[in-house]
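Undergrad: Below you'll find the structure I mean.
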Amino acid sequence: MTTLTLAKALNAGLRRSLANDDKVVVMGEDVGRLGGVYRVTDGLQKEFGPRRVLDTPLAESGILGTAVGLAYRGYRPVCEIQFDGFVYVAFDQIVSQLAKMHARTGGAVRLPITIRIPVGGGLGAAEHHSESPEAYFAHTAGLRVVTVSDPQDAYTVLQQAIACDDPVVFFEPKRRYHLKGEVNEAADLRSAPPMDAARVVVPGTDVTLVTFGSLVTTARDAAVAAADEGVSIEVVDLRSLSPIDHATVAASVRKTGRLVVAHEAPHQAGLGAEIAAAATERCFEHLEAAPFRVTGHDVPYPPAKLEQHQVPDLDRLLDGVDRVLGRGAYDESDRPAFEGAAR
C-alpha cells in the first residue's frame, strides 16, 4: 500500500494504463510538457513520449473530434478538459457523435474514449472553472458517467474507464486533488468493484445520505457530527452517475426510511431529483419522510467571495438530516431571496 493524493493516484492510474496498452493515448491542453494544470499528467510525456501524451491546441471540440478519429482506428484516447466549464465547446462532439456512434452503426463501431474533467467549486476560482455539469451528460444515452471521491477509487476507476469499450465521462473533484489515502497499486482490476456500482462508505440506521465526488468527504464528516447527537447516518457514495446503482440506494433507504441527497450542481433538474424520484418509486412504503435535496443554488456560479454560500457544507447537510428526522419543517419562506434556490 502507498499513500497518495487523489491527483497522484490519477497519475499512477494513467501511467499503468499507458504501460499496459500501447493503444492508450493521453491528449489535451498542456498535458505533456507542463503536466496539466493540476499536474495530474506530470512526467507522463517524458516517460512515454509525445506520440502517446499529446499537447493539443486550445480547442476542446478539436480534441474530441480527433479522439473520435483515433478511436475509429483502434486507439483508446484519454482526453483532458482543463476545467469543467470548458467542456461545453466540445458538447456537440460528445452528445451528437461520441454518445450515438455505437447505436448509429448498429453496434459495429465502439468509441472507447475517456473524457477527464476536473469539476466543482470550493477553490475560489471563476465561474467557468467551478461548475458541475454532470446532469447534461447523465441525461445523454450512450455515455457512461462516473466520478471518484478518494485516491483508491481514483486509481482503480480511471483504469476501468480507459479499459471500457463505451465512452466514459470521468469527473474529478478538483478540490479533493490533495486528499490523501492508501492506494493498492498492485490490485487486480478484475477483482475490483465494477465502476457502475455504488458503495456504502459509512454504515448507519437512521438516515441515508446519498452523494458523490467532493461531497463524500463532507458527508463522512456529517456522519461523525451526527453521531455525537445520537443520529446514525448511512453515507452512500454513488460513484456512477449513469447508469445509477438504484439497487444499492434502495436497499439503504428501505433500512433507514429516510433519504437526503446532496450535490454541488443547481437544485433545478439536478441529479438529486432523479435519485429522490427513483427511491420514492422503489421504497414508497418504507419512507418515513419525504426525501430532501441539499444542492447548489439556481444561479450562475457566484464570485469567489460568495461561493461558500453556493457549495453545500457540513451545516447544510446536517440541516437536511434534521428535516427528514422531523426536526425542521420545510417552508417556502426559508428559501433564499433569489428565485429557484435551494437551502
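Labels used: A, B, ... for chains in the order of the C-alpha cells, numbers from 1 for residues in each chain, and numbers from 1 for ligands as shown.
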Could you please write out, as a PyMOL selection string, every residue of region 28-223 of chain A that DSSP assigns to strand (DSSP E or B)?
TA: chain A and resi 28+53-55+76-80+114-119+144-147+168-173+180-183+199-202+207-211
Undergrad: Output the selection as an mmCIF file, in the first residue's frame - N, CA and C atoms for each residue.
TA:
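The result, stored in part34.cif:
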data_model
loop_
_atom_site.group_PDB
_atom_site.id
_atom_site.type_symbol
_atom_site.label_atom_id
_atom_site.label_comp_id
_atom_site.auth_asym_id
_atom_site.auth_seq_id
_atom_site.Cartn_x
_atom_site.Cartn_y
_atom_site.Cartn_z
ATOM 1 N N GLY A 28 -4.593 16.548 -24.635
ATOM 2 C CA GLY A 28 -5.265 17.703 -24.052
ATOM 3 C C GLY A 28 -4.345 18.908 -24.015
ATOM 4 N N VAL A 53 1.514 11.003 -25.309
ATOM 5 C CA VAL A 53 0.976 12.055 -24.445
ATOM 6 C C VAL A 53 1.087 13.358 -25.228
ATOM 7 N N LEU A 54 -0.041 13.785 -25.824
ATOM 8 C CA LEU A 54 -0.028 14.829 -26.833
ATOM 9 C C LEU A 54 -0.516 16.168 -26.288
ATOM 10 N N ASP A 55 0.285 17.203 -26.482
ATOM 11 C CA ASP A 55 -0.175 18.567 -26.240
ATOM 12 C C ASP A 55 -0.985 19.022 -27.443
ATOM 13 N N ARG A 76 -7.310 4.098 -27.825
ATOM 14 C CA ARG A 76 -8.128 4.398 -26.642
ATOM 15 C C ARG A 76 -7.700 5.767 -26.106
ATOM 16 N N PRO A 77 -8.261 6.833 -26.662
ATOM 17 C CA PRO A 77 -7.853 8.170 -26.237
ATOM 18 C C PRO A 77 -8.387 8.525 -24.845
ATOM 19 N N VAL A 78 -7.549 9.223 -24.082
ATOM 20 C CA VAL A 78 -7.947 9.799 -22.800
ATOM 21 C C VAL A 78 -7.806 11.308 -22.956
ATOM 22 N N CYS A 79 -8.922 12.005 -23.015
ATOM 23 C CA CYS A 79 -8.924 13.445 -23.261
ATOM 24 C C CYS A 79 -9.054 14.199 -21.943
ATOM 25 N N GLU A 80 -8.200 15.181 -21.740
ATOM 26 C CA GLU A 80 -8.338 16.040 -20.567
ATOM 27 C C GLU A 80 -8.976 17.363 -20.965
ATOM 28 N N THR A 114 -12.194 8.121 -23.022
ATOM 29 C CA THR A 114 -12.403 8.605 -21.661
ATOM 30 C C THR A 114 -12.166 10.107 -21.645
ATOM 31 N N ILE A 115 -13.121 10.857 -21.106
ATOM 32 C CA ILE A 115 -13.021 12.311 -21.040
ATOM 33 C C ILE A 115 -12.866 12.709 -19.584
ATOM 34 N N ARG A 116 -11.673 13.113 -19.199
ATOM 35 C CA ARG A 116 -11.392 13.528 -17.824
ATOM 36 C C ARG A 116 -11.740 15.000 -17.651
ATOM 37 N N ILE A 117 -12.558 15.305 -16.628
ATOM 38 C CA ILE A 117 -12.995 16.674 -16.410
ATOM 39 C C ILE A 117 -12.857 17.026 -14.928
ATOM 40 N N PRO A 118 -11.925 17.932 -14.551
ATOM 41 C CA PRO A 118 -11.919 18.450 -13.183
ATOM 42 C C PRO A 118 -13.206 19.232 -12.952
ATOM 43 N N VAL A 119 -13.862 18.995 -11.835
ATOM 44 C CA VAL A 119 -15.222 19.508 -11.679
ATOM 45 C C VAL A 119 -15.437 20.108 -10.302
ATOM 46 N N ARG A 144 -21.338 6.645 -20.466
ATOM 47 C CA ARG A 144 -21.178 6.314 -19.052
ATOM 48 C C ARG A 144 -20.621 7.549 -18.352
ATOM 49 N N VAL A 145 -21.114 7.825 -17.155
ATOM 50 C CA VAL A 145 -20.661 8.982 -16.393
ATOM 51 C C VAL A 145 -20.281 8.504 -14.999
ATOM 52 N N VAL A 146 -19.019 8.720 -14.621
ATOM 53 C CA VAL A 146 -18.546 8.264 -13.314
ATOM 54 C C VAL A 146 -17.790 9.393 -12.623
ATOM 55 N N THR A 147 -17.651 9.266 -11.315
ATOM 56 C CA THR A 147 -16.839 10.198 -10.548
ATOM 57 C C THR A 147 -16.215 9.441 -9.386
ATOM 58 N N VAL A 168 -16.704 7.183 -21.793
ATOM 59 C CA VAL A 168 -16.876 7.455 -20.369
ATOM 60 C C VAL A 168 -16.519 8.908 -20.070
ATOM 61 N N VAL A 169 -17.439 9.613 -19.437
ATOM 62 C CA VAL A 169 -17.147 10.934 -18.889
ATOM 63 C C VAL A 169 -16.703 10.726 -17.441
ATOM 64 N N PHE A 170 -15.486 11.148 -17.149
ATOM 65 C CA PHE A 170 -14.852 10.856 -15.863
ATOM 66 C C PHE A 170 -14.637 12.169 -15.108
ATOM 67 N N PHE A 171 -15.468 12.404 -14.091
ATOM 68 C CA PHE A 171 -15.391 13.643 -13.329
ATOM 69 C C PHE A 171 -14.427 13.497 -12.154
ATOM 70 N N GLU A 172 -13.532 14.490 -12.022
ATOM 71 C CA GLU A 172 -12.558 14.507 -10.938
ATOM 72 C C GLU A 172 -12.845 15.702 -10.021
ATOM 73 N N PRO A 173 -13.143 15.481 -8.738
ATOM 74 C CA PRO A 173 -13.445 16.589 -7.822
ATOM 75 C C PRO A 173 -12.181 17.385 -7.506
ATOM 76 N N LYS A 180 -5.427 12.775 0.731
ATOM 77 C CA LYS A 180 -4.510 11.635 0.799
ATOM 78 C C LYS A 180 -5.230 10.369 1.252
ATOM 79 N N GLY A 181 -4.730 9.236 0.776
ATOM 80 C CA GLY A 181 -5.289 7.957 1.185
ATOM 81 C C GLY A 181 -4.402 6.810 0.750
ATOM 82 N N GLU A 182 -4.668 5.644 1.291
ATOM 83 C CA GLU A 182 -3.915 4.449 0.936
ATOM 84 C C GLU A 182 -4.374 3.918 -0.418
ATOM 85 N N VAL A 183 -3.413 3.554 -1.258
ATOM 86 C CA VAL A 183 -3.705 3.018 -2.587
ATOM 87 C C VAL A 183 -2.941 1.720 -2.786
ATOM 88 N N ARG A 199 -21.432 2.439 -3.425
ATOM 89 C CA ARG A 199 -20.890 1.749 -2.244
ATOM 90 C C ARG A 199 -21.289 2.500 -0.976
ATOM 91 N N VAL A 200 -21.513 1.749 0.067
ATOM 92 C CA VAL A 200 -21.779 2.326 1.386
ATOM 93 C C VAL A 200 -20.434 2.597 2.043
ATOM 94 N N VAL A 201 -20.123 3.880 2.270
ATOM 95 C CA VAL A 201 -18.824 4.226 2.850
ATOM 96 C C VAL A 201 -18.905 4.433 4.357
ATOM 97 N N VAL A 202 -20.106 4.721 4.865
ATOM 98 C CA VAL A 202 -20.344 4.783 6.306
ATOM 99 C C VAL A 202 -21.672 4.092 6.579
ATOM 100 N N VAL A 207 -30.712 7.544 8.777
ATOM 101 C CA VAL A 207 -30.878 8.373 7.574
ATOM 102 C C VAL A 207 -29.890 7.908 6.515
ATOM 103 N N THR A 208 -30.351 7.816 5.275
ATOM 104 C CA THR A 208 -29.459 7.561 4.140
ATOM 105 C C THR A 208 -29.068 8.893 3.527
ATOM 106 N N LEU A 209 -27.777 9.137 3.397
ATOM 107 C CA LEU A 209 -27.249 10.342 2.758
ATOM 108 C C LEU A 209 -26.508 9.915 1.496
ATOM 109 N N VAL A 210 -27.080 10.226 0.346
ATOM 110 C CA VAL A 210 -26.505 9.838 -0.940
ATOM 111 C C VAL A 210 -25.808 11.034 -1.557
ATOM 112 N N THR A 211 -24.573 10.857 -1.966
ATOM 113 C CA THR A 211 -23.831 11.922 -2.617
ATOM 114 C C THR A 211 -22.736 11.318 -3.477
#
Undergrad: When you look at region 59-69 of chain A with a cut-off of 12 Å (counting only C-alpha atoms), what residues show up, excluding the ones that are within fewer than 5 positions of it in the same chain? I need them as a PyMOL selection string.
TA: chain A and resi 24-30+54+74-102+109-117+167+169
Undergrad: DSSP on the backbone: what in region 35-267 of chain A comes out helix (DSSP H, G or I), as JSON, numbers by chain?
TA: {"A": [44, 45, 46, 47, 48, 60, 61, 62, 63, 64, 65, 66, 67, 68, 69, 70, 71, 72, 84, 85, 86, 87, 88, 89, 90, 91, 92, 93, 94, 95, 96, 97, 98, 101, 102, 103, 104, 127, 128, 129, 134, 135, 136, 137, 138, 151, 152, 153, 154, 155, 156, 157, 158, 159, 160, 161, 162, 163, 174, 175, 176, 189, 190, 191, 215, 216, 217, 218, 219, 220, 221, 222, 223, 224, 225, 226, 227, 246, 247, 248, 249, 250, 251, 252, 253, 254, 255, 256]}
Undergrad: With only C-alpha atoms counted and 7 Å as the cut-off, give the residues of region 302-325 of chain A in contact with region 258-281 of chain A, each with its shortest interatomic distance in Å and the pair that gives it, as a Markdown table.
TA:
| residue | atom | partner | partner_atom | distance |
| --- | --- | --- | --- | --- |
| A:Val311 | CA | A:Glu264 | CA | 5.6 |
| A:Pro312 | CA | A:Glu264 | CA | 6.4 |
| A:Gly320 | CA | A:Val260 | CA | 6.4 |
| A:Val321 | CA | A:Val260 | CA | 6.6 |
| A:Val324 | CA | A:Arg258 | CA | 6.2 |
Undergrad: Report the closest atom pair, with its distance in Å rounded to one decimal, for each residue of region 161-256 of chain A that has an atom no farther than 12 Å from region 12-22 of chain A; count only C-alpha atoms, sort by chain and then rising residue number, and write it as a Markdown table.
TA:
| residue | atom | partner | partner_atom | distance |
| --- | --- | --- | --- | --- |
| A:Ala161 | CA | A:Ser17 | CA | 10.1 |
| A:Ile162 | CA | A:Ser17 | CA | 7.4 |
| A:Ala163 | CA | A:Ser17 | CA | 8.1 |
| A:Cys164 | CA | A:Ser17 | CA | 11.7 |
| A:Val183 | CA | A:Ala12 | CA | 9.9 |
| A:Asn184 | CA | A:Ala12 | CA | 10.8 |
| A:Glu185 | CA | A:Ala12 | CA | 8.0 |
| A:Ala186 | CA | A:Arg16 | CA | 10.3 |
| A:Ala187 | CA | A:Gly13 | CA | 11.4 |
| A:Asp188 | CA | A:Arg16 | CA | 11.9 |
| A:Leu189 | CA | A:Gly13 | CA | 11.1 |
Undergrad: Output the selection as a PDB file, in the first residue's frame - C-alpha atoms for each residue.
TA:
ATOM      1  CA  ALA A 161     -12.895   3.661 -17.604  1.00  0.00           C
ATOM      2  CA  ILE A 162      -9.964   3.542 -20.019  1.00  0.00           C
ATOM      3  CA  ALA A 163     -10.376  -0.215 -20.487  1.00  0.00           C
ATOM      4  CA  CYS A 164     -14.142   0.108 -21.067  1.00  0.00           C
ATOM      5  CA  VAL A 183      -3.705   3.018  -2.587  1.00  0.00           C
ATOM      6  CA  ASN A 184      -3.030  -0.596  -3.501  1.00  0.00           C
ATOM      7  CA  GLU A 185      -1.223  -0.191  -6.814  1.00  0.00           C
ATOM      8  CA  ALA A 186      -0.827  -3.943  -7.145  1.00  0.00           C
ATOM      9  CA  ALA A 187      -4.568  -4.587  -7.039  1.00  0.00           C
ATOM     10  CA  ASP A 188      -6.039  -6.740  -9.800  1.00  0.00           C
ATOM     11  CA  LEU A 189      -8.673  -4.726 -11.652  1.00  0.00           C
TER      12      LEU A 189
END
Undergrad: Would you pick out the contacts of Pro300 (chain A) at 10 Å or less, using only C-alpha atoms, so that residues sharing its chain but fewer than 6 positions from it are not included, and give the list as a PyMOL selection string?
TA: chain A and resi 127-128+131+266+310
Undergrad: Write out, as a PDB file, in the first residue's frame, the residues just selected, with C-alpha atoms.
TA:
ATOM      1  CA  GLU A 127     -17.481  30.665 -12.819  1.00  0.00           C
ATOM      2  CA  HIS A 128     -16.254  28.666 -15.828  1.00  0.00           C
ATOM      3  CA  GLU A 131     -19.194  24.227 -12.477  1.00  0.00           C
ATOM      4  CA  PRO A 266     -28.063  23.523  -9.001  1.00  0.00           C
ATOM      5  CA  GLN A 310     -23.174  28.018  -3.083  1.00  0.00           C
TER       6      GLN A 310
END
Undergrad: CA of Met195 (chain A) to CA of Val148 (chain A): how many Å, to one decimal?
TA: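 Rounded to one decimal, the two atoms are 9.6 Å apart.
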